[in-house]
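Right, one structure below, let's go through it.
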Amino acid sequence: MLRHRLAKRAAFTLMELLVVLMIVLALMMLAAPITLYFGRSHVSTEAANRLSAGLSEAHMVARAVKTMRGIALTRSSSAPANLPAEYRDEIQEVELRLLRLPEGGSPACWMQYPGFVSTTAGRNVFHSRVASFYRWDANAHSWQPDSLLAKSPPLYDPQNAGQGVEFPLYVEVNGQAQTRLVAGLPSSTAPGPLPLPPNRPGHPSPDESQVYTWDPQNPGWQAPQGTEQPILQSHQVLLARGLAQLHLHPPIIAPSKPPNYLRYNYQLLSLCPLPKGYIQGTNPPQFQNQRLMLRPGTAINLRRSIPNDLHWSSVPNSPYFPAGTPFLIFGESGSVVYPGNAFLADKTLNGWIVFWVGWYQEADFSMRPEDSVLVGVHTRTGRIATFQVNLDRNLGDEYHYVRWASPN
């Protein structure tokens with residue numbers, strides 16, 4: 001059998017090299033968008049997981065410790081200056097504190113209404129929108145002004161002092177089914193109390209919805225003089241509406257101790273979203289804030305969330321968070337207690353609060369559905385779940401998978 005030695009090949013031809021290079025380039029072009037897609041998807045999923053982790057921790061603590069705990073969605077100090085207003089890149093842990101004054105164990109307390117106050121017109125009058133608070137001093141055997149500046153945190157006007165009580169704040173008159181929104185607090189430099197004159201109103205103002213003054217020098221309910229405004233003292237608040245009954249004569253208390261039937265005729269009530277870690281007794285209040293930062297380039301898009309940023313804009317401001325800050329707080333049963341049912345009545349998706357989390361383009365801050373993930377919280381059960389954004393229009397809108405999700 002004859003064997004023929006094959007000649008060795010000297011090299012690849014130019015055409016073969018070009019073909020190989022074209023194949024390599026084609027593979028690279030295909031791999032680039034795939035790599036970028038999965039990279040973006042991973043970043044969005046990581047941001048959604050961080051939001052879910054913050055929610056899950058708050059939910060777990062609320063049930064375990066029997067407290068009201070949740071999160072606030074805020075903007076970090078490192079956020080790009082031109083980041084859209086509806087984007088949030090920081091998760092801050094908060095607790096909902098029930099402010100109830102006087103507190104249990106307090107001595108007898110009494111609310112005087114209407115309050116006797118100085119005005120910007122230079123008069124001292126009883127004002128239909130002012131209430132004054134007093135505390136029984138057992139040592140002096142007398143009623144003494146109960147300054148709101150001595151509370152912790154202090155209850156004074158944040159517009160003048162930078163810190164203060166969390167709104168909304170309410171005055172509830174015990175046993176009379178009357179609750180009034182507090183429209184103003186004394187400033188941190190409020191003047192001291194005025195002595196009450198012997199000449200006092202004999203009946204309430206004629207209309208609770210209107211503002212009236214009663215001047216001891218010119219008795220009778222009258223409208224304020226021009227733009228006259230009350231100058232609140234440290235133990236007074238401004239009410240959004242007048243009361244139907246007078247409280248001008250404090251109870252007579254035996255020198256030994258207050259009677260058992262009298263504790264106080266009012267309460268100050270407020271549900272306060274408060275940063276977690278308040279350091280008791282600090283003035284101004286200080287906090288050991290606990291924050292979770294989203295990865296740079298990702299954010300929570302409130303415009304595409306449910307409720308959206310326009311709905312959240314009705315949330316009032318507080319000394320700790322600006323107006324429109326979204327809060328979500330769980331109660332001890334695990335359900336969502338804040339915002340309440342009145343706010344969420346027509347603003348959820350079958351009971352789901354939905355946050356749109358995603359990666360945004362640096363050029364125009366646009367956030368595409370394919371670069372986004374949905375994080376849902378069911379208001380009744382407190383279930384927290386992550387959903388894919390639906391890209392198939394034949395199935396429905398982007399929230400299709402949330403719409404059909406089980407609440408349990």
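Starting from 1 in every chain, residues are counted up; chains themselves are A, B, ... following the order of the structure tokens, and ligands are numbered from 1 as listed.
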Just the residues within 6 Å of region 199-212 of chain A, please, counting only C-alpha atoms, with nothing from its chain fewer than 3 positions along; format it as a ChimeraX atom specification. /A:128,216,221-223,241-242,245-246
Just write the chosen residues, C-alpha atoms, as a PDB file, in the first residue's frame.
```pdb
ATOM      1  CA  SER A 128     -61.850  82.284  69.643  1.00  0.00           C
ATOM      2  CA  PRO A 216     -62.265  93.027  78.451  1.00  0.00           C
ATOM      3  CA  TRP A 221     -67.444  89.171  70.553  1.00  0.00           C
ATOM      4  CA  GLN A 222     -66.132  91.184  67.624  1.00  0.00           C
ATOM      5  CA  ALA A 223     -64.126  90.552  64.461  1.00  0.00           C
ATOM      6  CA  ARG A 241     -61.743  76.204  64.288  1.00  0.00           C
ATOM      7  CA  GLY A 242     -63.406  77.520  67.429  1.00  0.00           C
ATOM      8  CA  GLN A 245     -68.246  75.586  74.886  1.00  0.00           C
ATOM      9  CA  LEU A 246     -66.294  77.821  77.246  1.00  0.00           C
TER      10      LEU A 246
END
```
Skipping near chain neighbours, those fewer than 4 positions away, what residues fall within 10 Å of region 292-298 of chain A using only C-alpha atoms, listed as a ChimeraX atom specification? /A:40,43-51,53-54,71,73-76,78-80,87-93,357-362,365,367,371-372
Resulting file, chosen residues, C-alpha atoms, as a JSON list (two decimals), in the first residue's frame:
```json
[["chain", "number", "residue", "atom", "x", "y", "z"],
["A", 40, "ARG", "CA", -28.89, 46.50, 34.06],
["A", 43, "VAL", "CA", -28.69, 46.44, 39.08],
["A", 44, "SER", "CA", -32.48, 47.00, 39.08],
["A", 45, "THR", "CA", -33.06, 43.73, 40.92],
["A", 46, "GLU", "CA", -30.46, 44.69, 43.53],
["A", 47, "ALA", "CA", -32.21, 48.03, 44.11],
["A", 48, "ALA", "CA", -35.59, 46.29, 44.40],
["A", 49, "ASN", "CA", -34.11, 43.78, 46.85],
["A", 50, "ARG", "CA", -32.81, 46.61, 49.00],
["A", 51, "LEU", "CA", -36.25, 48.22, 49.14],
["A", 53, "ALA", "CA", -35.27, 44.28, 52.69],
["A", 54, "GLY", "CA", -36.11, 47.63, 54.31],
["A", 71, "ILE", "CA", -39.91, 53.42, 55.95],
["A", 73, "LEU", "CA", -38.57, 57.32, 50.79],
["A", 74, "THR", "CA", -36.20, 60.29, 50.67],
["A", 75, "ARG", "CA", -33.45, 61.81, 48.52],
["A", 76, "SER", "CA", -29.88, 61.34, 49.65],
["A", 78, "SER", "CA", -25.32, 62.44, 47.16],
["A", 79, "ALA", "CA", -28.19, 62.37, 44.66],
["A", 80, "PRO", "CA", -27.46, 64.13, 41.34],
["A", 87, "TYR", "CA", -37.17, 59.97, 42.02],
["A", 88, "ARG", "CA", -36.04, 58.69, 45.43],
["A", 89, "ASP", "CA", -32.68, 57.05, 46.05],
["A", 90, "GLU", "CA", -32.71, 56.58, 49.84],
["A", 91, "ILE", "CA", -34.77, 54.50, 52.27],
["A", 92, "GLN", "CA", -34.98, 55.80, 55.83],
["A", 93, "GLU", "CA", -36.38, 53.77, 58.71],
["A", 357, "VAL", "CA", -37.71, 50.62, 40.99],
["A", 358, "GLY", "CA", -35.23, 50.76, 38.14],
["A", 359, "TRP", "CA", -32.05, 51.84, 36.43],
["A", 360, "TYR", "CA", -32.15, 55.22, 34.70],
["A", 361, "GLN", "CA", -30.30, 56.63, 31.69],
["A", 362, "GLU", "CA", -27.71, 59.16, 32.80],
["A", 365, "PHE", "CA", -32.88, 60.13, 33.56],
["A", 367, "MET", "CA", -36.34, 54.70, 33.11],
["A", 371, "ASP", "CA", -34.77, 48.09, 33.18],
["A", 372, "SER", "CA", -37.26, 48.13, 36.05]]
```
Extract, using only C-alpha atoms, all DNA, RNA and protein residues at most 7 Å from Val375 (chain A), discarding same-chain residues fewer than 6 positions from it, and format them as a PyMOL selection string. chain A and resi 48+52+354-356+385-387
Atomic separation - CA of Leu243 (chain A) relative to CA of Met111 (chain A), Å: 11.9 Å
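Distance check against Asn301 (chain A) using only C-alpha atoms: of A:Gln233, A:Gln144, A:Thr120, A:Ser366, the minimum falls on A:Ser366.
Atom pair CA of Leu55 (chain A) / CA of Thr379 (chain A): separated by 12.4 Å.
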Write out as a count of residues only each polymer residue whose atoms come within 12 Å of region 338-340 of chain A, counting only C-alpha atoms; drop sequence neighbours fewer than 4 positions from it. 35
